[in-house]
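input.txt follows; it contains compact mmCIF, C-alpha atoms.
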```txt
# COMPACT_ATOMS: atom_id res chain seq x y z
CA MET A 114 -3.74 20.86 -15.08
CA ARG A 115 -4.89 17.63 -16.73
CA ILE A 116 -3.36 14.63 -14.94
CA ALA A 117 -3.47 10.99 -16.06
CA HIS A 118 -2.76 8.49 -13.28
CA VAL A 119 -1.83 5.07 -14.67
CA LEU A 120 -1.81 2.04 -12.38
CA ARG A 121 -1.99 -1.71 -12.69
CA ARG A 122 -5.36 -2.13 -11.02
CA ILE A 123 -8.00 -0.33 -9.01
CA SER A 124 -10.79 -2.36 -7.48
CA PHE A 125 -12.79 -0.93 -4.61
CA ASP A 126 -13.69 -4.47 -3.50
CA ASP A 127 -10.08 -5.63 -3.23
CA TRP A 128 -7.90 -2.75 -2.16
CA GLY A 129 -4.12 -2.35 -1.89
CA GLY A 130 -1.70 0.32 -0.71
CA THR A 131 -0.85 1.69 -4.16
CA GLU A 132 -4.51 2.01 -5.09
CA GLN A 133 -5.20 3.84 -1.87
CA VAL A 134 -2.39 6.34 -2.52
CA VAL A 135 -3.48 7.02 -6.11
CA TRP A 136 -7.14 7.35 -5.21
CA ASN A 137 -6.55 9.83 -2.39
CA ILE A 138 -4.08 11.90 -4.40
CA ALA A 139 -6.55 11.97 -7.29
CA LYS A 140 -9.38 13.10 -5.03
CA ALA A 141 -7.24 15.86 -3.50
CA GLN A 142 -6.14 17.04 -6.96
CA LYS A 143 -9.75 17.02 -8.15
CA SER A 144 -10.79 19.10 -5.12
CA ALA A 145 -8.00 21.57 -5.95
CA GLY A 146 -9.51 22.12 -9.42
CA HIS A 147 -7.38 19.82 -11.59
CA ASP A 148 -8.78 17.52 -14.29
CA VAL A 149 -7.97 13.94 -13.28
CA ARG A 150 -8.51 10.55 -14.89
CA LEU A 151 -7.36 7.08 -13.79
CA PHE A 152 -6.22 4.46 -16.33
CA ALA A 153 -5.89 0.86 -15.17
CA THR A 154 -6.44 -2.79 -16.08
CA THR A 155 -9.54 -4.80 -15.23
CA ALA A 156 -7.61 -6.91 -12.69
CA LEU A 157 -9.86 -7.80 -9.71
CA TRP A 158 -12.64 -5.59 -11.11
CA SER A 159 -16.07 -7.12 -11.42
CA GLY A 160 -18.17 -4.24 -12.71
CA GLY A 161 -19.04 -2.82 -16.10
CA LYS A 162 -17.34 -3.44 -19.41
CA ALA A 163 -13.66 -2.97 -20.27
CA GLY A 164 -13.08 0.26 -22.17
CA GLN A 165 -16.03 2.11 -20.65
CA ILE A 166 -15.65 5.12 -18.36
CA GLU A 167 -16.71 4.64 -14.74
CA VAL A 168 -17.22 7.74 -12.60
CA VAL A 169 -16.66 7.42 -8.84
CA ASP A 170 -16.84 10.48 -6.58
CA GLY A 171 -16.56 12.66 -9.67
CA ILE A 172 -13.35 10.97 -10.90
CA GLU A 173 -13.26 9.10 -14.22
CA ILE A 174 -11.75 5.63 -14.34
CA LEU A 175 -10.97 3.75 -17.57
CA ARG A 176 -9.99 0.07 -17.35
CA LEU A 177 -8.65 -2.17 -20.12
CA ARG A 178 -8.05 -5.91 -20.16
CA PRO A 179 -4.49 -7.05 -19.42
CA ILE A 180 -2.70 -9.85 -21.26
CA TYR A 181 -0.24 -11.86 -19.19
CA PRO A 182 2.56 -13.06 -21.50
CA TRP A 183 3.05 -16.61 -20.23
CA TRP A 184 2.05 -20.01 -21.54
CA PRO A 185 0.12 -21.95 -20.47
CA MET A 186 -2.16 -19.46 -18.72
CA PRO A 187 -5.01 -21.17 -16.78
CA LYS A 188 -7.64 -19.01 -15.12
CA SER A 189 -6.24 -19.81 -11.67
CA LEU A 190 -2.94 -18.24 -12.69
CA VAL A 191 -4.70 -15.20 -14.16
CA ASP A 192 -6.46 -14.70 -10.82
CA GLU A 193 -3.17 -14.98 -8.96
CA LEU A 194 -1.37 -12.54 -11.22
CA ASP A 195 -4.31 -10.13 -11.01
CA ARG A 196 -3.61 -9.92 -7.31
CA LYS A 197 0.12 -9.51 -7.41
CA GLY A 198 2.42 -8.97 -10.37
CA GLY A 199 2.21 -10.52 -13.82
CA ASN A 200 3.90 -7.73 -15.84
CA PRO A 201 1.05 -7.58 -18.39
CA PHE A 202 0.63 -6.04 -21.80
CA VAL A 203 -2.37 -3.66 -21.88
CA PRO A 204 -3.67 -3.27 -25.46
CA GLY A 205 -5.42 0.04 -26.09
CA LEU A 206 -3.98 1.85 -23.08
CA ALA A 207 -1.59 4.06 -25.02
CA ARG A 208 -4.32 5.04 -27.49
CA ALA A 209 -6.73 5.90 -24.67
CA ILE A 210 -4.18 8.15 -22.98
CA CYS A 211 -3.33 9.86 -26.27
CA GLU A 212 -7.00 10.57 -26.98
CA TRP A 213 -7.45 12.19 -23.57
CA ARG A 214 -4.33 14.40 -24.03
CA PRO A 215 -3.14 14.94 -20.44
CA ASP A 216 -0.51 17.49 -19.40
CA VAL A 217 1.19 14.92 -17.17
CA ILE A 218 1.27 11.12 -17.29
CA HIS A 219 1.87 9.88 -13.74
CA CYS A 220 2.67 6.16 -13.76
CA HIS A 221 2.23 4.06 -10.62
CA ALA A 222 3.45 0.74 -12.04
CA MET A 223 6.71 -0.67 -13.33
CA ALA A 224 7.95 -2.87 -16.19
CA ARG A 225 5.75 -2.94 -19.34
CA ILE A 226 3.14 -0.46 -18.09
CA ALA A 227 5.89 2.00 -17.18
CA GLU A 228 7.54 1.54 -20.58
CA LEU A 229 4.20 2.20 -22.26
CA CYS A 230 3.77 5.42 -20.25
CA LEU A 231 7.24 6.59 -21.26
CA ARG A 232 6.60 5.99 -24.94
CA THR A 233 3.15 7.59 -24.81
CA ALA A 234 4.47 10.71 -23.07
CA ALA A 235 7.21 11.07 -25.70
CA ARG A 236 4.71 10.54 -28.52
CA ILE A 237 2.37 13.35 -27.46
CA GLY A 238 5.04 15.59 -25.92
CA VAL A 239 3.91 15.71 -22.28
CA LYS A 240 5.63 15.29 -18.93
CA SER A 241 6.17 11.78 -17.53
CA VAL A 242 6.41 10.99 -13.84
CA VAL A 243 6.72 7.63 -12.10
CA SER A 244 6.02 6.79 -8.45
CA LEU A 245 7.97 4.01 -6.74
CA HIS A 246 5.48 2.43 -4.34
CA GLY A 247 6.76 -1.05 -3.70
CA GLY A 248 9.93 -0.71 -1.66
CA GLY A 249 11.95 -2.28 -4.47
CA ALA A 250 15.19 -1.00 -3.00
CA ASN A 251 14.99 -3.43 -0.10
CA VAL A 252 12.90 -6.46 -1.12
CA PRO A 253 14.50 -9.59 0.40
CA GLU A 254 15.63 -12.16 -2.17
CA GLU A 255 13.44 -14.84 -0.56
CA GLU A 256 10.33 -12.76 -1.17
CA ALA A 257 11.45 -11.82 -4.68
CA LYS A 258 11.60 -15.53 -5.45
CA SER A 259 8.09 -16.03 -4.11
CA LEU A 260 6.82 -13.32 -6.48
CA ARG A 261 8.34 -15.14 -9.43
CA ALA A 262 7.10 -18.56 -8.31
CA PRO A 263 3.65 -18.52 -10.01
CA THR A 264 5.17 -18.27 -13.50
CA ARG A 265 8.14 -20.56 -12.96
CA GLY A 266 8.35 -23.25 -15.64
CA ARG A 267 6.01 -21.42 -18.05
CA LEU A 268 6.98 -20.08 -21.46
CA PRO A 269 7.63 -16.30 -21.24
CA TRP A 270 6.54 -15.39 -24.75
CA GLY A 271 6.37 -11.73 -23.82
CA LYS A 272 10.15 -11.44 -23.96
CA ALA A 273 10.07 -11.98 -27.71
CA VAL A 274 7.56 -9.13 -28.07
CA ASP A 275 9.78 -6.90 -25.91
CA ILE A 276 12.72 -7.50 -28.25
CA VAL A 277 10.64 -6.74 -31.33
CA MET A 278 9.27 -3.56 -29.72
CA GLY A 279 12.77 -2.48 -28.66
CA TRP A 280 11.73 -1.80 -25.09
CA THR A 281 14.78 -0.82 -23.05
CA ARG A 282 13.27 -0.92 -19.54
CA ARG A 283 15.19 2.20 -18.44
CA VAL A 284 12.72 2.60 -15.62
CA PRO A 285 12.60 4.79 -13.64
CA GLU A 286 15.62 6.73 -14.96
CA ASP A 287 14.04 7.75 -18.29
CA PHE A 288 11.02 9.43 -16.69
CA ASP A 289 11.05 13.22 -16.41
CA GLY A 290 10.39 12.94 -12.68
CA ILE A 291 10.63 10.26 -9.99
CA VAL A 292 8.41 10.26 -6.89
CA CYS A 293 9.64 8.05 -4.05
CA VAL A 294 7.20 6.80 -1.43
CA GLY A 295 10.07 5.32 0.59
CA GLU A 296 13.26 7.06 1.67
CA ASP A 297 15.36 4.09 0.54
CA GLU A 298 14.30 4.72 -3.05
CA TYR A 299 14.85 8.46 -2.64
CA LEU A 300 18.40 7.91 -1.42
CA LYS A 301 19.01 5.50 -4.29
CA TYR A 302 17.92 7.88 -7.06
CA LYS A 303 18.42 11.43 -5.76
CA ASP A 304 21.94 11.67 -7.20
CA ARG A 305 21.08 9.84 -10.43
CA HIS A 306 18.29 12.09 -11.67
CA SER A 307 17.63 15.83 -11.76
CA HIS A 308 14.00 15.63 -10.62
CA VAL A 309 13.44 13.30 -7.65
CA MET A 310 11.19 13.92 -4.68
CA PHE A 311 10.32 12.07 -1.50
CA LEU A 312 6.55 12.11 -1.05
CA PRO A 313 5.36 9.91 1.80
CA ASN A 314 1.96 8.32 1.89
CA GLY A 315 -0.86 10.21 3.49
CA VAL A 316 -4.13 9.98 5.37
CA ASP A 317 -7.50 11.73 5.31
CA THR A 318 -7.64 12.80 8.94
CA ARG A 319 -11.23 13.99 8.54
CA LEU A 320 -12.45 10.42 8.09
CA PHE A 321 -11.30 9.43 11.55
CA ALA A 322 -12.28 12.58 13.45
CA GLY A 323 -15.81 11.39 14.14
CA GLN A 324 -14.82 7.81 14.93
CA ARG A 325 -12.35 8.21 17.79
CA ARG A 326 -13.31 7.03 21.22
CA GLU A 327 -12.28 8.91 24.33
CA ASP A 328 -9.05 7.60 25.84
CA GLY A 329 -10.80 6.25 28.88
CA MET A 330 -13.02 4.04 26.73
CA ARG A 331 -10.05 2.08 25.37
CA ARG A 332 -9.41 -1.25 27.10
CA THR A 333 -5.68 -1.34 27.80
CA SER A 334 -5.14 -3.20 31.05
CA SER A 335 -3.80 -6.73 31.14
CA ASP A 336 -6.88 -7.80 33.09
CA SER A 337 -9.29 -6.85 30.29
CA GLY A 338 -6.99 -8.05 27.55
CA LEU A 339 -5.19 -6.36 24.70
CA LYS A 340 -6.98 -5.92 21.36
CA VAL A 341 -4.41 -5.88 18.56
CA LEU A 342 -5.24 -4.79 15.02
CA CYS A 343 -3.20 -5.32 11.86
CA VAL A 344 -4.43 -3.80 8.59
CA ALA A 345 -2.37 -5.22 5.73
CA ARG A 346 -2.81 -7.65 2.87
CA ILE A 347 -2.39 -11.30 3.89
CA ASP A 348 1.06 -11.72 2.43
CA ARG A 349 4.47 -12.96 3.54
CA GLN A 350 5.86 -9.45 3.28
CA LYS A 351 3.50 -8.34 6.05
CA ASN A 352 4.64 -11.23 8.28
CA GLN A 353 1.37 -11.77 10.18
CA MET A 354 2.82 -15.08 11.37
CA MET A 355 4.56 -13.10 14.12
CA ILE A 356 1.15 -12.01 15.39
CA VAL A 357 -0.22 -15.56 15.38
CA GLU A 358 2.74 -16.83 17.37
CA ALA A 359 2.57 -13.86 19.76
CA LEU A 360 -0.97 -14.90 20.68
CA ALA A 361 0.46 -18.10 22.18
CA ARG A 362 2.80 -16.07 24.40
CA HIS A 363 0.12 -13.57 25.45
CA PRO A 364 -3.03 -15.42 26.59
CA ASN A 365 -4.92 -12.15 27.23
CA MET A 366 -4.33 -10.84 23.71
CA THR A 367 -6.68 -11.04 20.71
CA ALA A 368 -5.81 -10.10 17.14
CA ARG A 369 -7.76 -9.07 14.07
CA LEU A 370 -6.09 -9.24 10.65
CA VAL A 371 -7.79 -6.95 8.15
CA GLY A 372 -6.73 -7.00 4.50
CA PRO A 373 -7.19 -8.76 1.17
CA VAL A 374 -5.54 -12.16 0.67
CA THR A 375 -2.80 -11.87 -1.97
CA GLN A 376 -1.18 -15.21 -1.08
CA GLU A 377 -3.79 -17.85 -0.36
CA ASP A 378 -1.25 -20.44 0.74
CA TYR A 379 0.04 -18.00 3.37
CA ARG A 380 -3.47 -17.50 4.78
CA GLU A 381 -3.73 -21.27 5.07
CA GLN A 382 -0.40 -21.37 6.89
CA LEU A 383 -1.61 -18.74 9.35
CA GLU A 384 -4.77 -20.71 10.09
CA ARG A 385 -2.88 -24.00 10.48
CA ARG A 386 -0.36 -22.45 12.84
CA ALA A 387 -3.12 -20.83 14.89
CA ALA A 388 -4.79 -24.23 15.27
CA GLU A 389 -1.49 -25.88 16.27
CA LEU A 390 -0.93 -23.24 18.97
CA GLY A 391 -4.53 -23.36 20.17
CA VAL A 392 -5.15 -19.65 19.52
CA SER A 393 -7.70 -19.84 16.69
CA GLU A 394 -10.49 -18.45 18.87
CA ARG A 395 -8.43 -15.33 19.55
CA LEU A 396 -7.51 -14.74 15.90
CA ALA A 397 -9.84 -13.23 13.28
CA ILE A 398 -8.86 -13.00 9.61
CA VAL A 399 -11.39 -10.43 8.48
CA GLY A 400 -10.56 -9.94 4.80
CA GLY A 401 -10.28 -6.70 2.86
CA LEU A 402 -12.35 -3.66 3.80
CA LYS A 403 -12.83 -0.60 1.63
CA PRO A 404 -10.71 2.39 2.75
CA GLY A 405 -12.76 4.86 4.71
CA SER A 406 -15.66 2.46 5.09
CA PRO A 407 -17.61 2.36 8.36
CA GLU A 408 -16.44 -1.22 8.83
CA LEU A 409 -12.76 -0.29 8.59
CA LEU A 410 -13.17 2.77 10.82
CA ARG A 411 -14.88 0.53 13.37
CA GLU A 412 -11.88 -1.83 13.36
CA TYR A 413 -9.59 1.04 14.33
CA GLU A 414 -12.09 2.33 16.87
CA CYS A 415 -12.29 -0.99 18.70
CA ALA A 416 -8.54 -1.70 18.86
CA ASP A 417 -6.11 -0.87 21.65
CA VAL A 418 -2.86 -1.16 19.70
CA PHE A 419 -1.98 -1.26 16.01
CA LEU A 420 0.68 -3.84 15.10
CA LEU A 421 2.55 -4.06 11.78
CA PRO A 422 5.34 -6.72 11.71
CA SER A 423 6.38 -6.30 8.02
CA ARG A 424 9.60 -7.85 6.74
CA HIS A 425 10.16 -4.71 4.68
CA GLU A 426 8.04 -1.60 4.15
CA PRO A 427 8.75 1.60 2.20
CA PHE A 428 6.41 3.60 4.41
CA GLY A 429 3.12 2.29 5.82
CA ILE A 430 -0.16 4.12 5.13
CA VAL A 431 -1.94 2.06 7.74
CA VAL A 432 0.31 3.49 10.43
CA LEU A 433 -0.99 6.94 9.55
CA GLU A 434 -4.57 5.65 9.73
CA ALA A 435 -3.88 4.19 13.18
CA TRP A 436 -2.49 7.51 14.36
CA ALA A 437 -5.45 9.39 12.87
CA ALA A 438 -7.65 7.10 14.97
CA GLY A 439 -5.58 7.93 18.05
CA LEU A 440 -3.95 4.49 18.34
CA PRO A 441 -0.38 3.78 19.45
CA VAL A 442 1.63 1.81 16.88
CA VAL A 443 3.94 -1.16 17.36
CA ALA A 444 5.94 -1.83 14.18
CA SER A 445 9.02 -3.60 12.89
CA ASP A 446 12.05 -1.36 12.53
CA VAL A 447 12.55 -1.80 8.79
CA GLY A 448 13.05 0.65 5.91
CA GLY A 449 10.81 3.67 5.71
CA LEU A 450 8.44 2.17 8.28
CA GLY A 451 11.14 2.25 10.92
CA ARG A 452 12.10 5.82 10.05
CA LEU A 453 8.47 6.93 10.13
CA CYS A 454 8.04 5.54 13.63
CA ALA A 455 11.37 6.98 14.78
CA ALA A 456 10.20 10.44 13.68
CA HIS A 457 7.24 10.18 16.08
CA PRO A 458 8.59 8.36 19.16
CA GLY A 459 5.71 9.45 21.34
CA ALA A 460 3.26 7.51 19.19
CA ALA A 461 5.23 4.42 18.15
CA PHE A 462 7.23 1.51 19.54
CA THR A 463 9.50 -0.50 17.24
CA PHE A 464 11.01 -3.98 17.36
CA SER A 465 13.56 -5.95 15.37
CA SER A 466 11.94 -7.68 12.41
CA GLY A 467 11.42 -11.39 13.01
CA ASP A 468 12.52 -11.22 16.68
CA PRO A 469 9.75 -12.47 19.05
CA GLU A 470 11.49 -11.19 22.20
CA SER A 471 11.89 -7.74 20.70
CA LEU A 472 8.21 -7.74 19.72
CA ASP A 473 7.15 -8.73 23.23
CA ALA A 474 9.27 -5.92 24.68
CA ALA A 475 7.69 -3.36 22.34
CA LEU A 476 4.18 -4.56 23.21
CA ALA A 477 5.01 -4.30 26.92
CA LYS A 478 6.29 -0.74 26.48
CA ALA A 479 3.18 0.22 24.55
CA GLN A 480 0.88 -1.16 27.24
CA GLU A 481 2.83 0.50 30.03
CA SER A 482 2.83 3.86 28.27
CA ILE A 483 -0.92 3.65 27.66
CA ARG A 484 -1.60 2.91 31.31
CA ASN A 485 0.65 5.71 32.55
CA SER A 486 -0.12 8.41 29.98
CA SER A 487 -2.94 7.46 27.64
CA GLU A 488 -3.74 11.12 26.90
CA SER A 489 -0.15 11.80 25.82
CA ILE A 490 -0.09 8.79 23.51
CA HIS A 491 -3.42 9.79 22.01
CA ALA A 492 -2.32 13.39 21.42
CA ALA A 493 1.02 12.31 19.94
CA ALA A 494 -0.76 9.99 17.50
CA LEU A 495 -3.13 12.71 16.29
CA THR A 496 -0.30 15.23 15.93
CA ALA A 497 1.72 12.78 13.84
CA ALA A 498 -1.21 12.05 11.52
CA LYS A 499 -1.92 15.71 10.76
CA GLN A 500 1.52 16.12 9.19
CA TYR A 501 0.54 13.65 6.43
CA ASP A 502 -2.88 14.89 5.37
CA TRP A 503 -3.57 14.16 1.69
CA ALA A 504 -4.40 17.78 0.83
CA VAL A 505 -0.93 18.87 1.94
CA LEU A 506 0.85 16.08 0.06
CA SER A 507 -1.18 16.59 -3.14
CA ALA A 508 -0.24 20.26 -3.29
CA ARG A 509 3.44 19.31 -2.98
CA LEU A 510 3.09 16.83 -5.85
CA VAL A 511 1.48 19.39 -8.19
CA ASP A 512 4.29 21.83 -7.37
CA PHE A 513 6.75 19.08 -8.37
CA PHE A 514 5.00 18.67 -11.71
CA GLY A 515 5.49 22.38 -12.31
CA GLN A 516 9.22 22.20 -11.60
CA ILE A 517 9.90 19.54 -14.24
```

Take the structure in this file and express it as structure tokens.
Amino acid sequence: MRIAHVLRRISFDDWGGTEQVVWNIAKAQKSAGHDVRLFATTALWSGGKAGQIEVVDGIEILRLRPIYPWWPMPKSLVDELDRKGGNPFVPGLARAICEWRPDVIHCHAMARIAELCLRTAARIGVKSVVSLHGGGANVPEEEAKSLRAPTRGRLPWGKAVDIVMGWTRRVPEDFDGIVCVGEDEYLKYKDRHSHVMFLPNGVDTRLFAGQRREDGMRRTSSDSGLKVLCVARIDRQKNQMMIVEALARHPNMTARLVGPVTQEDYREQLERRAAELGVSERLAIVGGLKPGSPELLREYECADVFLLPSRHEPFGIVVLEAWAAGLPVVASDVGGLGRLCAAHPGAAFTFSSGDPESLDAALAKAQESIRNSSESIHAAALTAAKQYDWAVLSARLVDFFGQI
């Protein structure tokens, strides 16, 4: 089967959750003998020339320059929209897909890119599938406003083009198939469409097999301190401010925040708050690390507990990575993230989102469980991770293509 994956961006130097999903699915499909190509914009990409094929690990990637339909459009705004949002036009993308002639167009973006995928699939008579990655069914209004803030007060000339083109934005309903990363989206669309599947995110368990330390080597007592790790983009959705403020309540705790900065002003807020609380020396904002890199694997290896305090989360790939590394997880009880943790109670401890006392209680339970039964926690984490191996999930997705 020839499969075209279409996404807004893919940059190995500045990685996000959607890119990680698409890349791992593509690799698993390639290993299973399918012909796979990725189509994306040049957002956050610094190599090569737009329109040229790049081959990484045997997978072809074609990137084209996006046009953000706002005026004025200074470079600083382009950089910001490259990181998060922007709803761009992508000239040449439809033609490039048509020339490649896939059997399935699998779109991993919304708005104009999704509309383009729909029209292209209809034009060449192939199947169209869309994945819902972003937890759109439960994004708080406050965060939705923050996403729109960069373009507020600018002329949205793209709307005029939309009217001329007759784009209806019946997304995702007009796609032949809908893939839901989060259960909230699945519940929303399962009775509205004939082909909907819930396909959670996955993990390559083989990457972590050689990196795990023995249980006894983990430092988990209050005397030696608690090493907390959070792998997530620096963004208000991920709510790392809870971790900064927890450091003030737990003097023996240190925290490392690993992930690309998608909201620079939020990173500055985190640093200012850390300085106000006097915890800057126990906080490290590491930046983004390439998935599967030795540096990222080392971060998991050196941690005692993985902490994810998201305001909302459709699933949480990083939780699977933590389990694959044998780490217990402390996470906010929201959306698909909460359900994921509830399905594996021996490996996870949840707390009420935004509630410091609830977070402290979850951390205390995690520490106590590690002290009393570190081997059980370790085994439960590894067992949970194996259920979400990418090879298993990719095979399910290809079966779904065949059912459409």

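Picture a line from atom CA of Val374 of chain A to atom CA of Ala156 of chain A; it runs 14.5 Å.
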
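Take atom CA of Phe419 of chain A and atom CA of Leu342 of chain A: the distance between them is 4.9 Å.
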
Leaving out Ser124 of chain A and any residue of its chain fewer than 5 positions from it, which residues lie within 9 Å of it when counting all atoms listed in the file, given as an MDAnalysis selection string? chainID A and resid 129 132 155:159

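Using only C-alpha atoms for every distance, the candidate list A:Lys140, A:Arg369, A:Arg196, A:His147 yields A:Lys140 as the residue closest to Val169 of chain A.
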
Quick one: residues within 9 Å of Gly315 of chain A, all atoms listed in the file counted, chain neighbours fewer than 3 positions away excluded, as a PyMOL selection string? chain A and resi 134+137-138+312+430+433-434+498+500-506

Hey, can you spit out that residue selection with C-alpha atoms as a short mmCIF file (atom, residue, chain, number, x, y, z; two decimals), keeping the file's coordinate frame?
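Below is the file result-v4.cif, written as the result:
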```cif
data_model
loop_
_atom_site.label_atom_id
_atom_site.label_comp_id
_atom_site.auth_asym_id
_atom_site.auth_seq_id
_atom_site.Cartn_x
_atom_site.Cartn_y
_atom_site.Cartn_z
CA VAL A 134 -2.39 6.34 -2.52
CA ASN A 137 -6.55 9.83 -2.39
CA ILE A 138 -4.08 11.90 -4.40
CA LEU A 312 6.55 12.11 -1.05
CA ILE A 430 -0.16 4.12 5.13
CA LEU A 433 -0.99 6.94 9.55
CA GLU A 434 -4.57 5.65 9.73
CA ALA A 498 -1.21 12.05 11.52
CA GLN A 500 1.52 16.12 9.19
CA TYR A 501 0.54 13.65 6.43
CA ASP A 502 -2.88 14.89 5.37
CA TRP A 503 -3.57 14.16 1.69
CA ALA A 504 -4.40 17.78 0.83
CA VAL A 505 -0.93 18.87 1.94
CA LEU A 506 0.85 16.08 0.06
#
```

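Shortest atom-to-atom contact with Ile291 of chain A among A:Lys403, A:His246, A:Leu410, A:Tyr181: A:His246, counting all atoms listed in the file.
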
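For the choices A:Tyr413, A:Trp183, A:Phe125, A:Trp213, the atom-to-atom distance to Arg150 of chain A is smallest for A:Trp213 when using all atoms listed in the file.
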
Kindly output segment 261-272 of chain A as a tab-separated table (two decimals), keeping the file's coordinate frame, after building N, CA and C atoms.
```tsv
chain	number	residue	atom	x	y	z
A	261	ARG	N	8.11	-14.52	-8.12
A	261	ARG	CA	8.34	-15.14	-9.43
A	261	ARG	C	7.81	-16.57	-9.51
A	262	ALA	N	7.48	-17.15	-8.36
A	262	ALA	CA	7.10	-18.56	-8.31
A	262	ALA	C	5.90	-18.93	-9.18
A	263	PRO	N	4.83	-18.11	-9.24
A	263	PRO	CA	3.65	-18.52	-10.01
A	263	PRO	C	3.92	-18.79	-11.48
A	264	THR	N	4.92	-18.11	-12.07
A	264	THR	CA	5.17	-18.27	-13.50
A	264	THR	C	6.39	-19.15	-13.79
A	265	ARG	N	6.97	-19.71	-12.76
A	265	ARG	CA	8.14	-20.56	-12.96
A	265	ARG	C	7.77	-21.79	-13.79
A	266	GLY	N	8.59	-22.09	-14.80
A	266	GLY	CA	8.35	-23.25	-15.64
A	266	GLY	C	7.39	-23.00	-16.79
A	267	ARG	N	6.92	-21.75	-16.95
A	267	ARG	CA	6.01	-21.42	-18.05
A	267	ARG	C	6.78	-20.64	-19.13
A	268	LEU	N	6.31	-20.72	-20.34
A	268	LEU	CA	6.98	-20.08	-21.46
A	268	LEU	C	6.73	-18.57	-21.43
A	269	PRO	N	7.79	-17.76	-21.29
A	269	PRO	CA	7.63	-16.30	-21.24
A	269	PRO	C	7.64	-15.68	-22.64
A	270	TRP	N	6.55	-15.86	-23.38
A	270	TRP	CA	6.54	-15.39	-24.75
A	270	TRP	C	6.60	-13.87	-24.87
A	271	GLY	N	6.32	-13.19	-23.79
A	271	GLY	CA	6.37	-11.73	-23.82
A	271	GLY	C	7.75	-11.19	-24.08
A	272	LYS	N	8.79	-11.94	-23.74
A	272	LYS	CA	10.15	-11.44	-23.96
A	272	LYS	C	10.43	-11.24	-25.44
```
